[in-house]
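Below: entry-v7.txt (compact mmCIF, C-alpha atoms and all ligand atoms)
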```txt
# COMPACT_ATOMS: atom_id res chain seq x y z
CA MET C 760 234.15 -56.69 30.79
CA SER C 761 233.30 -53.14 31.73
CA PRO C 762 232.34 -52.46 35.36
CA LEU C 763 228.66 -51.93 36.20
CA TYR C 764 227.37 -48.69 37.67
CA THR C 765 224.08 -47.61 39.17
CA ILE C 766 222.28 -44.69 37.53
CA MET C 767 219.77 -43.06 39.90
CA VAL C 768 217.15 -41.06 38.03
CA GLU C 769 215.55 -38.46 40.22
CA GLY C 770 211.95 -39.39 40.99
CA ALA C 771 212.05 -42.51 38.81
CA GLY C 772 214.27 -45.21 40.27
CA ALA C 773 217.56 -46.87 39.42
CA ALA C 774 219.07 -48.61 36.41
CA THR C 775 222.29 -50.52 35.81
CA CYS C 776 224.72 -49.27 33.18
CA SER C 777 228.11 -50.62 32.12
CA GLY C 778 231.00 -48.27 31.51
CA ALA C 779 230.77 -49.11 27.80
CA GLU C 780 227.09 -48.23 27.46
CA ARG C 781 225.34 -44.95 26.70
CA VAL C 782 223.42 -43.95 29.85
CA LEU C 783 220.21 -43.22 27.92
CA VAL C 784 220.33 -46.64 26.25
CA ALA C 785 220.71 -48.30 29.69
CA LEU C 786 217.65 -46.37 30.87
CA GLU C 787 215.66 -47.54 27.81
CA ARG C 788 216.58 -51.14 28.65
CA ALA C 789 215.55 -50.67 32.30
CA GLN C 790 212.23 -49.16 31.24
CA GLY C 791 211.65 -52.12 28.89
CA LEU C 792 212.15 -54.43 31.88
CA GLY C 793 209.45 -52.55 33.78
CA LYS C 794 211.83 -50.58 35.99
CA LEU C 795 211.93 -46.79 36.35
CA LYS C 796 208.20 -46.82 37.01
CA GLY C 797 208.47 -43.39 38.59
CA LEU C 798 209.25 -41.70 35.27
CA PRO C 799 206.57 -39.05 34.72
CA ARG C 800 206.37 -39.74 30.99
CA LYS C 801 207.99 -41.93 28.42
CA LEU C 802 211.76 -41.68 28.46
CA PRO C 803 212.83 -38.83 26.15
CA VAL C 804 214.59 -40.80 23.43
CA GLY C 805 215.46 -39.24 20.07
CA CYS C 806 218.62 -39.78 18.04
CA ARG C 807 220.71 -41.47 20.81
CA ARG C 808 223.76 -39.79 19.26
CA GLY C 809 224.08 -36.34 20.81
CA GLY C 810 222.44 -34.36 18.00
CA CYS C 811 218.76 -33.67 18.69
CA GLY C 812 218.82 -32.57 22.34
CA VAL C 813 215.65 -34.24 23.65
CA CYS C 814 217.48 -36.35 26.27
CA ARG C 815 219.09 -33.39 28.05
CA ALA C 816 219.77 -34.04 31.73
CA ARG C 817 221.80 -32.79 34.64
CA VAL C 818 224.33 -35.06 36.30
CA VAL C 819 223.86 -34.07 39.92
CA GLU C 820 226.50 -36.46 41.18
CA GLY C 821 229.12 -38.75 39.68
CA GLN C 822 231.76 -38.89 36.97
CA TYR C 823 231.30 -39.68 33.28
CA ARG C 824 233.01 -39.42 29.93
CA HIS C 825 231.20 -38.20 26.85
CA GLU C 826 231.09 -38.22 23.07
CA PRO C 827 230.40 -35.05 21.06
CA MET C 828 227.20 -33.25 22.11
CA SER C 829 225.55 -30.66 19.86
CA ARG C 830 226.36 -27.13 21.06
CA ALA C 831 222.86 -26.17 19.91
CA HIS C 832 221.61 -28.01 23.03
CA VAL C 833 224.45 -27.95 25.56
CA SER C 834 226.56 -24.78 25.58
CA GLU C 835 230.03 -24.68 27.12
CA ALA C 836 228.56 -23.03 30.22
CA ASP C 837 225.83 -25.71 30.41
CA GLU C 838 228.46 -28.39 30.12
CA ALA C 839 230.54 -26.87 32.91
CA ALA C 840 227.40 -26.86 35.08
CA GLY C 841 226.84 -30.60 34.59
CA LEU C 842 224.23 -30.48 31.82
CA VAL C 843 224.63 -33.32 29.32
CA LEU C 844 222.87 -35.15 26.55
CA SER C 845 222.35 -38.40 28.41
CA CYS C 846 222.69 -40.47 25.23
CA ALA C 847 226.23 -39.20 24.76
CA ILE C 848 227.62 -40.01 28.22
CA TYR C 849 229.17 -43.18 29.63
CA PRO C 850 229.46 -43.64 33.42
CA LEU C 851 232.81 -43.72 35.19
CA THR C 852 231.15 -43.98 38.63
CA ASN C 853 227.61 -44.35 39.90
CA LEU C 854 225.54 -41.39 38.69
CA TYR C 855 222.63 -39.34 40.01
CA LEU C 856 220.71 -37.91 37.06
CA ARG C 857 217.89 -35.36 36.70
CA PHE C 858 216.18 -34.95 33.33
CA GLU C 859 215.95 -31.33 32.20
CA MET C 860 214.38 -31.75 28.79
CA PRO C 861 213.90 -28.81 26.45
CA GLN C 862 210.26 -27.78 25.94
CA LEU C 863 208.87 -30.01 23.23
CA LYS C 864 208.93 -27.70 20.24
CA ASN C 865 206.16 -29.27 18.21
CA SER C 866 202.91 -30.95 19.02
CA ILE C 867 199.58 -31.38 17.39
CA SER C 868 196.25 -32.33 18.83
CA GLU C 869 195.75 -36.09 19.20
CA PRO C 870 194.35 -37.48 15.98
CA THR C 871 190.90 -38.92 16.42
CA ASN C 872 189.50 -42.07 14.88
CA ILE C 873 192.70 -43.99 14.24
CA THR C 874 191.49 -47.41 13.24
CA MET Q 542 207.72 -35.71 -20.21
CA ALA Q 543 209.84 -32.84 -21.44
CA HIS Q 544 211.96 -32.26 -18.40
CA THR Q 545 213.18 -28.67 -18.14
CA GLY Q 546 214.15 -26.25 -15.39
CA VAL Q 547 214.78 -28.01 -12.08
CA LEU Q 548 215.70 -31.63 -12.87
CA ARG Q 549 216.24 -33.33 -9.53
CA PRO Q 550 217.86 -33.19 -6.08
CA GLY Q 551 221.63 -32.83 -6.58
CA PHE Q 552 223.32 -32.80 -3.21
CA ILE Q 553 222.82 -31.97 0.45
CA GLN Q 554 225.40 -30.60 2.89
CA LEU Q 555 225.12 -31.99 6.43
CA ARG Q 556 226.80 -30.86 9.65
CA VAL Q 557 228.45 -33.64 11.65
CA LEU Q 558 230.01 -33.65 15.12
CA ASP Q 559 232.66 -36.33 14.46
CA MET Q 560 233.99 -36.57 10.90
CA PRO Q 561 235.67 -40.01 11.00
CA ALA Q 562 232.54 -41.55 12.55
CA ALA Q 563 230.34 -39.86 9.93
CA VAL Q 564 232.51 -40.99 7.02
CA GLU Q 565 232.51 -44.56 8.29
CA HIS Q 566 228.72 -44.48 8.67
CA TYR Q 567 227.94 -43.08 5.23
CA THR Q 568 230.54 -45.15 3.36
CA LYS Q 569 230.62 -48.54 5.13
CA ARG Q 570 227.06 -48.69 6.42
CA VAL Q 571 224.89 -46.65 4.03
CA GLY Q 572 227.06 -47.82 1.14
CA LEU Q 573 228.41 -44.61 -0.41
CA HIS Q 574 231.96 -43.91 -1.66
CA GLN Q 575 234.23 -41.05 -0.66
CA VAL Q 576 235.11 -38.98 -3.74
CA THR Q 577 237.45 -36.47 -2.15
CA GLU Q 578 238.15 -34.28 0.85
CA GLY Q 579 238.29 -30.51 0.33
CA LYS Q 580 241.01 -28.19 1.69
CA ASP Q 581 238.54 -26.90 4.28
CA GLY Q 582 237.92 -30.44 5.57
CA ARG Q 583 234.54 -31.00 3.94
CA VAL Q 584 234.14 -34.58 2.70
CA TYR Q 585 232.36 -35.38 -0.59
CA LEU Q 586 230.50 -38.65 -1.07
CA LYS Q 587 228.45 -40.37 -3.76
CA SER Q 588 226.83 -43.66 -4.65
CA ALA Q 589 228.53 -45.77 -7.30
CA ASP Q 590 225.23 -45.63 -9.19
CA GLU Q 591 225.35 -41.82 -9.52
CA PHE Q 592 227.19 -40.13 -12.41
CA ASP Q 593 227.78 -36.67 -10.92
CA HIS Q 594 230.72 -35.66 -8.77
CA HIS Q 595 229.02 -35.96 -5.36
CA SER Q 596 225.61 -36.04 -3.71
CA ILE Q 597 226.43 -35.81 0.01
CA VAL Q 598 228.73 -33.23 1.58
CA LEU Q 599 229.78 -33.57 5.24
CA ARG Q 600 230.99 -30.54 7.20
CA ARG Q 601 232.48 -30.80 10.72
CA ALA Q 602 230.58 -28.48 13.06
CA GLU Q 603 229.60 -27.96 16.70
CA SER Q 604 225.93 -28.73 16.04
CA ALA Q 605 224.26 -31.31 13.82
CA GLY Q 606 221.79 -30.43 11.03
CA VAL Q 607 221.67 -29.26 7.43
CA ASP Q 608 223.52 -26.37 5.73
CA MET Q 609 221.75 -26.50 2.38
CA MET Q 610 220.14 -28.68 -0.26
CA ALA Q 611 220.90 -28.13 -3.94
CA PHE Q 612 218.92 -29.03 -7.07
CA LYS Q 613 220.38 -29.53 -10.51
CA VAL Q 614 218.82 -27.56 -13.35
CA ARG Q 615 219.00 -28.47 -17.01
CA ASP Q 616 220.98 -25.57 -18.54
CA ASP Q 617 223.26 -22.83 -17.31
CA SER Q 618 220.76 -20.27 -18.68
CA ASP Q 619 218.16 -21.72 -16.29
CA LEU Q 620 220.16 -20.21 -13.43
CA ASP Q 621 219.65 -16.71 -14.88
CA MET Q 622 216.03 -17.48 -15.63
CA PHE Q 623 215.35 -18.60 -12.03
CA GLU Q 624 217.26 -15.64 -10.60
CA LYS Q 625 215.02 -13.32 -12.59
CA ARG Q 626 211.85 -15.15 -11.58
CA ILE Q 627 212.83 -15.03 -7.90
CA ALA Q 628 213.41 -11.26 -8.15
CA GLU Q 629 210.08 -10.76 -9.98
CA TYR Q 630 208.31 -12.89 -7.36
CA GLY Q 631 209.54 -10.52 -4.65
CA ILE Q 632 208.34 -7.48 -6.61
CA ALA Q 633 204.95 -9.07 -7.23
CA VAL Q 634 204.56 -9.77 -3.51
CA ASP Q 635 205.56 -6.16 -2.69
CA HIS Q 636 203.16 -4.80 -5.29
CA LYS Q 637 200.17 -6.77 -4.09
CA ALA Q 638 200.89 -5.70 -0.53
CA ALA Q 639 201.63 -2.03 -1.16
CA SER Q 640 198.42 -0.68 0.38
CA ASP Q 641 198.50 -2.60 3.63
CA VAL Q 642 201.11 -2.07 6.34
CA ASP Q 643 200.88 -5.59 7.75
CA LEU Q 644 201.10 -7.10 4.31
CA VAL Q 645 204.10 -4.95 3.46
CA ARG Q 646 205.87 -6.28 6.53
CA GLU Q 647 204.99 -9.85 5.55
CA ALA Q 648 206.04 -9.16 1.99
CA HIS Q 649 209.47 -8.15 3.17
CA GLN Q 650 209.71 -11.42 5.04
CA SER Q 651 208.67 -13.46 2.06
CA ARG Q 652 210.93 -11.52 -0.31
CA ILE Q 653 213.72 -13.88 -1.28
CA THR Q 654 217.17 -12.61 -2.26
CA VAL Q 655 219.57 -14.54 -4.44
CA ASP Q 656 223.31 -14.84 -3.88
CA HIS Q 657 226.00 -16.41 -6.04
CA VAL Q 658 228.48 -19.17 -5.29
CA ALA Q 659 231.46 -19.36 -7.66
CA ALA Q 660 232.31 -22.48 -9.65
CA GLY Q 661 234.74 -24.66 -7.75
CA GLU Q 662 233.57 -23.64 -4.25
CA GLN Q 663 232.75 -27.33 -4.06
CA PRO Q 664 235.05 -29.55 -6.14
CA GLY Q 665 233.57 -30.65 -9.46
CA LEU Q 666 230.69 -28.18 -9.44
CA GLY Q 667 229.90 -25.21 -11.66
CA ARG Q 668 228.45 -21.91 -10.43
CA ARG Q 669 225.47 -22.00 -8.09
CA ILE Q 670 222.75 -19.58 -7.05
CA GLY Q 671 221.43 -19.74 -3.50
CA PHE Q 672 218.53 -18.35 -1.48
CA THR Q 673 216.72 -18.99 1.79
CA VAL Q 674 213.08 -20.09 1.58
CA PRO Q 675 210.56 -18.91 4.23
CA SER Q 676 211.02 -22.08 6.32
CA GLY Q 677 214.60 -20.95 6.94
CA HIS Q 678 216.29 -23.50 4.66
CA ARG Q 679 218.98 -22.58 2.16
CA ILE Q 680 218.29 -23.95 -1.31
CA GLU Q 681 220.79 -23.82 -4.16
CA LEU Q 682 220.57 -24.41 -7.91
CA TYR Q 683 223.41 -25.40 -10.23
CA ALA Q 684 223.63 -26.61 -13.81
CA HIS Q 685 227.02 -28.25 -14.10
CA ALA Q 686 228.75 -31.08 -12.27
CA ASP Q 687 231.78 -33.05 -13.46
CA GLN Q 688 231.38 -36.79 -13.33
CA SER Q 689 233.47 -38.78 -10.85
CA ASP Q 690 234.36 -42.41 -10.21
CA PRO Q 691 232.89 -44.79 -9.34
CA LYS Q 692 230.03 -44.33 -11.79
CA PRO Q 693 227.93 -46.51 -14.09
CA ARG Q 694 229.34 -47.32 -17.52
CA THR Q 695 227.37 -45.99 -20.47
CA LEU Q 696 228.45 -48.52 -23.13
CA ASN Q 697 226.93 -51.95 -22.46
CA PRO Q 698 226.43 -51.08 -18.80
CA ASP Q 699 226.27 -53.84 -16.21
CA ILE Q 700 223.66 -53.74 -13.47
CA TRP Q 701 226.45 -52.43 -11.29
CA GLU Q 702 230.04 -51.54 -12.05
CA LEU Q 703 231.21 -51.97 -8.46
CA GLU Q 704 229.56 -54.43 -6.07
CA PRO Q 705 226.97 -52.64 -3.90
CA HIS Q 706 227.94 -52.77 -0.22
CA GLY Q 707 226.40 -51.92 3.14
CA MET Q 708 222.77 -50.83 2.69
CA CYS Q 709 223.41 -50.50 -1.06
CA ALA Q 710 222.15 -46.90 -1.37
CA ARG Q 711 221.65 -46.12 -5.07
CA ARG Q 712 221.32 -42.36 -4.79
CA PHE Q 713 220.54 -39.40 -2.54
CA ASP Q 714 216.78 -39.33 -3.02
CA HIS Q 715 215.12 -36.52 -1.04
CA ALA Q 716 215.06 -34.63 2.26
CA LEU Q 717 212.35 -33.71 4.77
CA PHE Q 718 212.78 -30.30 6.41
CA TYR Q 719 211.03 -28.76 9.45
CA GLY Q 720 210.28 -25.04 9.66
CA PRO Q 721 207.59 -22.32 9.69
CA ASN Q 722 205.61 -20.58 6.88
CA LEU Q 723 204.64 -23.67 4.89
CA GLU Q 724 202.07 -21.82 2.75
CA GLU Q 725 204.78 -19.39 1.59
CA VAL Q 726 207.19 -22.26 0.96
CA LEU Q 727 204.54 -24.07 -1.10
CA ASN Q 728 203.73 -20.94 -3.08
CA PHE Q 729 207.40 -20.26 -3.82
CA PHE Q 730 208.29 -23.79 -4.90
CA THR Q 731 205.21 -24.17 -7.11
CA THR Q 732 205.04 -20.72 -8.72
CA VAL Q 733 208.77 -19.90 -9.04
CA LEU Q 734 210.58 -23.26 -9.24
CA ASP Q 735 207.72 -25.14 -11.02
CA PHE Q 736 207.47 -27.93 -8.44
CA LYS Q 737 204.16 -29.77 -7.95
CA CYS Q 738 202.56 -30.66 -4.63
CA ALA Q 739 202.01 -34.44 -4.78
CA GLU Q 740 200.58 -34.83 -1.27
CA ARG Q 741 199.77 -32.79 1.79
CA ILE Q 742 198.41 -33.12 5.34
CA ASN Q 743 195.73 -30.58 6.22
CA LEU Q 744 194.82 -30.11 9.87
CA PRO Q 745 191.89 -28.00 11.12
CA ASP Q 746 194.38 -25.25 12.05
CA GLY Q 747 196.21 -25.30 8.72
CA THR Q 748 198.77 -27.15 6.67
CA LEU Q 749 200.92 -29.58 8.66
CA ALA Q 750 203.06 -30.91 5.82
CA ILE Q 751 203.70 -30.78 2.06
CA TRP Q 752 205.43 -33.22 -0.33
CA LEU Q 753 206.86 -31.51 -3.42
CA THR Q 754 208.16 -33.00 -6.65
CA CYS Q 755 210.09 -31.54 -9.59
CA GLY Q 756 209.90 -34.73 -11.65
CA MET Q 757 208.07 -38.03 -11.62
CA LYS Q 758 208.93 -39.25 -8.13
CA ALA Q 759 206.30 -38.83 -5.43
CA HIS Q 760 208.61 -36.33 -3.70
CA ASP Q 761 211.99 -34.65 -4.02
CA ILE Q 762 211.67 -32.40 -0.97
CA ALA Q 763 209.10 -32.18 1.81
CA PHE Q 764 208.33 -29.83 4.68
CA VAL Q 765 206.60 -30.23 8.04
CA LYS Q 766 205.39 -27.23 10.02
CA HIS Q 767 207.66 -26.47 12.98
CA PRO Q 768 208.25 -23.29 14.99
CA GLU Q 769 212.04 -23.35 14.67
CA PRO Q 770 213.39 -22.54 11.19
CA GLY Q 771 215.98 -24.47 9.21
CA LYS Q 772 215.66 -27.89 10.85
CA LEU Q 773 216.46 -31.29 9.33
CA HIS Q 774 214.10 -34.20 9.85
CA HIS Q 775 215.82 -36.65 7.53
CA VAL Q 776 217.95 -37.19 4.47
CA SER Q 777 216.86 -40.15 2.39
CA PHE Q 778 218.63 -42.71 0.20
CA ASP Q 779 217.04 -44.78 -2.55
CA LEU Q 780 217.20 -48.59 -2.27
CA GLU Q 781 216.21 -51.13 -4.91
CA ASN Q 782 213.32 -52.91 -3.19
CA TRP Q 783 211.72 -54.22 0.01
CA GLN Q 784 214.39 -56.93 0.26
CA SER Q 785 217.05 -54.21 0.35
CA VAL Q 786 215.14 -52.47 3.14
CA GLY Q 787 215.33 -55.75 5.10
CA ASN Q 788 219.06 -55.95 4.43
CA ALA Q 789 219.43 -52.37 5.72
CA ALA Q 790 217.57 -53.38 8.91
CA ASP Q 791 220.03 -56.26 9.41
CA ILE Q 792 222.94 -53.80 9.11
CA ILE Q 793 221.31 -51.38 11.55
CA ALA Q 794 221.02 -54.18 14.14
CA ARG Q 795 224.45 -55.70 13.47
CA TYR Q 796 226.32 -52.40 13.84
CA ASP Q 797 224.15 -51.01 16.64
CA ILE Q 798 223.03 -48.02 14.57
CA SER Q 799 220.46 -45.93 16.45
CA ILE Q 800 217.00 -46.85 15.08
CA ASP Q 801 213.94 -44.59 15.02
CA ILE Q 802 211.25 -46.73 13.35
CA GLY Q 803 210.84 -49.45 10.77
CA PRO Q 804 211.03 -51.31 8.52
CA THR Q 805 207.57 -49.97 7.76
CA ARG Q 806 205.73 -48.14 5.00
CA HIS Q 807 204.55 -44.59 4.39
CA GLY Q 808 200.93 -44.08 3.30
CA ILE Q 809 202.18 -40.84 1.76
CA THR Q 810 204.36 -41.70 -1.29
CA ARG Q 811 203.81 -45.46 -0.51
CA GLY Q 812 207.54 -45.80 0.14
CA GLN Q 813 208.96 -48.70 2.15
CA THR Q 814 211.22 -47.24 4.77
CA ILE Q 815 213.44 -47.29 7.84
CA TYR Q 816 214.31 -44.18 9.88
CA PHE Q 817 217.62 -44.32 11.75
CA PHE Q 818 220.30 -41.87 12.90
CA ASP Q 819 223.84 -41.11 11.80
CA PRO Q 820 226.57 -40.85 14.50
CA SER Q 821 225.80 -37.12 14.93
CA GLY Q 822 222.07 -37.66 15.42
CA ASN Q 823 220.99 -36.61 11.93
CA ARG Q 824 218.08 -38.81 10.91
CA ASN Q 825 218.62 -40.93 7.79
CA GLU Q 826 216.04 -42.83 5.80
CA VAL Q 827 216.42 -45.70 3.39
CA PHE Q 828 213.50 -45.76 1.02
CA ALA Q 829 212.26 -48.13 -1.70
CA GLY Q 830 209.31 -47.87 -4.05
CA GLY Q 831 206.91 -44.96 -4.10
CA TYR Q 832 204.45 -44.26 -6.88
CA THR Q 833 205.08 -42.47 -10.17
CA TYR Q 834 203.84 -38.90 -10.19
CA TYR Q 835 202.70 -37.27 -13.43
CA PRO Q 836 202.43 -33.50 -13.51
CA ASP Q 837 198.71 -33.63 -14.28
CA ASN Q 838 198.00 -35.77 -11.17
CA PRO Q 839 195.87 -34.08 -8.52
CA THR Q 840 197.30 -33.45 -5.05
CA ARG Q 841 196.51 -36.28 -2.63
CA ILE Q 842 195.22 -34.95 0.70
CA TRP Q 843 195.30 -36.48 4.19
CA ASP Q 844 193.34 -35.11 7.13
CA GLU Q 845 193.73 -35.43 10.89
CA THR Q 846 191.67 -38.62 11.09
CA GLN Q 847 194.24 -40.68 9.16
CA ILE Q 848 197.45 -38.86 10.00
CA GLY Q 849 198.93 -41.98 11.63
CA LYS Q 850 198.51 -44.02 8.45
CA SER Q 851 199.78 -41.20 6.28
CA ILE Q 852 203.21 -41.34 7.92
CA PHE Q 853 203.47 -44.88 9.32
CA TYR Q 854 201.00 -46.97 7.33
CA TYR Q 855 201.36 -50.19 9.31
CA GLU Q 856 201.55 -48.71 12.83
CA ARG Q 857 198.75 -46.22 12.02
CA VAL Q 858 200.00 -43.85 14.68
CA LEU Q 859 202.87 -41.36 14.80
CA ASN Q 860 205.73 -42.29 17.09
CA GLU Q 861 206.72 -39.72 19.67
CA ALA Q 862 209.87 -38.78 17.78
CA PHE Q 863 208.24 -37.93 14.44
CA LEU Q 864 207.17 -34.38 15.30
CA SER Q 865 209.75 -33.58 17.96
CA VAL Q 866 213.17 -35.05 17.11
CA VAL Q 867 215.09 -32.99 14.55
CA THR Q 868 218.60 -31.59 14.14
S1 LIG C 901 218.55 -38.54 22.11
FE1 LIG C 901 219.19 -36.99 20.66
S2 LIG C 901 220.68 -35.91 21.82
FE2 LIG C 901 220.23 -37.64 23.09
FE FE C 902 211.52 -39.53 3.42
```
Is it possible to give me this structure as structure tokens?
Amino acid sequence: MSPLYTIMVEGAGAATCSGAERVLVALERAQGLGKLKGLPRKLPVGCRRGGCGVCRARVVEGQYRHEPMSRAHVSEADEAAGLVLSCAIYPLTNLYLRFEMPQLKNSISEPTNIT
Amino acid sequence: MAHTGVLRPGFIQLRVLDMPAAVEHYTKRVGLHQVTEGKDGRVYLKSADEFDHHSIVLRRAESAGVDMMAFKVRDDSDLDMFEKRIAEYGIAVDHKAASDVDLVREAHQSRITVDHVAAGEQPGLGRRIGFTVPSGHRIELYAHADQSDPKPRTLNPDIWELEPHGMCARRFDHALFYGPNLEEVLNFFTTVLDFKCAERINLPDGTLAIWLTCGMKAHDIAFVKHPEPGKLHHVSFDLENWQSVGNAADIIARYDISIDIGPTRHGITRGQTIYFFDPSGNRNEVFAGGYTYYPDNPTRIWDETQIGKSIFYYERVLNEAFLSVVT
């Protein structure tokens, strides 16, 4: 069994994540259990596979390993500075995480009258 | 229906971050077969229910997304005919705009140039012509593909030649792209490539989305308005029925495939559907049903009051990812 780590999300609270689990998926589970109440908006979940970029975050503290992350969203310089796609990382220690999502690129006005 | 010109979607080339993971996903889970691997590392896949050489091409890259989508045309001479029509379309746009500086600038943007891809650039394929439509997506046309195994028999054919596996995808069905300039895209596909617009979403500030068909399916390609050009929303595979969609959902759960939404239904096209993601974050769809479109059918129109139902008929509201998560 993989060891358990604590993921601190800046301004939101803490979640538990095993070393075999994608950090973003652990955060989704914590939110489903009513934790991470401090999150300003719904957790930014897209593809969960390192392709779409919506879950971009900065690891302020801690060690992790990662699967491929699209270079369209995390450049080599970003990566060296601790920016990650949080769905593509697995903790090796406790982590301190800050979401730095890209500007949402599309939005439309709320539809009215949905019955 | 006398089917001429553009016949149907032929293949799509996707960028993937991890080739072994992608091949496992599309063969074992979606249910395709690997036909061959090219010298440059691209991998060619097909369903056992398709005759032609391949319908999915995977290319290893640093970012996920789509390189191009190609349509098969009926005859080799159609390639010359479409090349000529694309050139004439550009001239017509220039001509109409000649007196107005702004329009001339726009005309240059909507002018579409054709390039040529030699036979054999992809194994089993004849020559192709290619061009970029105003949403930033590369579209190609080709007339010839060799057949490859596995494929259906033509003499006394069984329901299947090889047992369907995984989600039992029967063919590459369609793609949904995100990009700008939808009115220009619509005009180009309908006036130059003879597509029809089966359905659309009109918002007070303009067209949000268009569903285009070149045959009798409710759609073969669709576009949603998006500021960034050339984006992929999903690539879709045809399944036999609602029961197969349920089977696909079981596979998604069993193998911990990243799910977006579903099983559910689209109001637009009436297709029964699941959205999920491949190991590189490219959205996939498995799709069953959908109405038959005849070329004399009027365009079905959705407005902002029922936009939720148009996309997700049962939920009646868009999920957060629909407009924002693309590769
Ligand atoms: S959710 Fe798509 S990159 Fe993480
Ligand atoms: Fe679709």
(message) When you count only C-alpha atoms, which of these residues is closest to chain C: Q:Glu629, Q:Glu724, Q:Asp714, Q:Glu861?
(response) Q:Glu861
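For the atom pair formed by CA of Gly778 (chain C) and CA of Tyr764 (chain C), the distance is 7.2 Å, given to one decimal.
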(request) Report as an NGL selection string the set of chain Q residues whose atoms approach chain C to within 7 Å, with distances computed over only C-alpha atoms. (result) :Q and (558 or 603-605 or 767-768 or 799 or 818 or 820-823 or 845-848 or 857 or 862 or 864-868)
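Going from CA of Ile766 (chain C) to CA of Gly793 (chain C) covers 15.5 Å.
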(message) What residues of the protein or nucleic acid chains come within 12 Å of ligand FE 902 (chain C) when you use all atoms listed in the file? Reply as number ranges by chain.
(response) Q: 713-718, 751-753, 758-765, 773-779, 805-817, 824-831, 852-853, 863
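The residues that lie within 12 Å of the point (232.9, -29.3, -12.1), counting all atoms listed in the file, are Asp593, His594, His595, Ala659, Ala660, Gly661, Glu662, Gln663, Pro664, Gly665, Leu666, Gly667, Arg668, Arg669, Tyr683, Ala684, His685, Ala686, Asp687, Gln688 and Ser689 of chain Q.
With distances restricted to only C-alpha atoms and all ligand atoms, C:Val782 is the closest residue to ligand LIG 901 (chain C) from C:Ala839, C:Leu792, C:Val818, C:Val782.
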(message) Using all atoms listed in the file, can you tell me which of Q:Leu703, Q:Ile800, Q:Leu620, Q:Leu696 comes closest to ligand LIG 901 (chain C)?
(response) Q:Ile800
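Minimum atom-to-atom distance to ligand LIG 901 (chain C), evaluated using all atoms listed in the file, belongs to Q:Asp819 out of Q:Asp837, Q:Glu578, Q:Asp819, Q:Glu702.
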(message) Just checking: using all atoms listed in the file, which residue out of Q:Lys613, Q:Arg711, Q:Arg570, Q:Gly606 ends up closest to ligand LIG 901 (chain C)?
(response) Q:Gly606
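Counting all atoms listed in the file, the residue from C:Arg817, C:Arg824, C:Arg781, C:Lys796 that sits nearest to ligand LIG 901 (chain C) is C:Arg781.
Here CA of Asp791 (chain Q) stands at a distance of 28.2 Å from CA of Thr833 (chain Q).
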(request) Just the residues within 6 Å of Leu783 (chain C), please, counting all atoms listed in the file, with nothing from its chain fewer than 2 positions along; format it as an MDAnalysis selection string. (result) chainID C and resid 781 785:786 845:846
(request) Dig up all the protein and nucleic acid residues within 8 Å of (193.6, -33.7, 1.6) in the file frame, using all atoms listed in the file, and format them as a ChimeraX atom specification. (result) /Q:740-743,840-844
Please produce an output containing C-alpha atoms for each residue in the selection, written as a short mmCIF file (atom, residue, chain, number, x, y, z; two decimals), keeping the file's coordinate frame.
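After the write, again18.cif holds the following:
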```
data_model
loop_
_atom_site.label_atom_id
_atom_site.label_comp_id
_atom_site.auth_asym_id
_atom_site.auth_seq_id
_atom_site.Cartn_x
_atom_site.Cartn_y
_atom_site.Cartn_z
CA GLU Q 740 200.58 -34.83 -1.27
CA ARG Q 741 199.77 -32.79 1.79
CA ILE Q 742 198.41 -33.12 5.34
CA ASN Q 743 195.73 -30.58 6.22
CA THR Q 840 197.30 -33.45 -5.05
CA ARG Q 841 196.51 -36.28 -2.63
CA ILE Q 842 195.22 -34.95 0.70
CA TRP Q 843 195.30 -36.48 4.19
CA ASP Q 844 193.34 -35.11 7.13
#
```
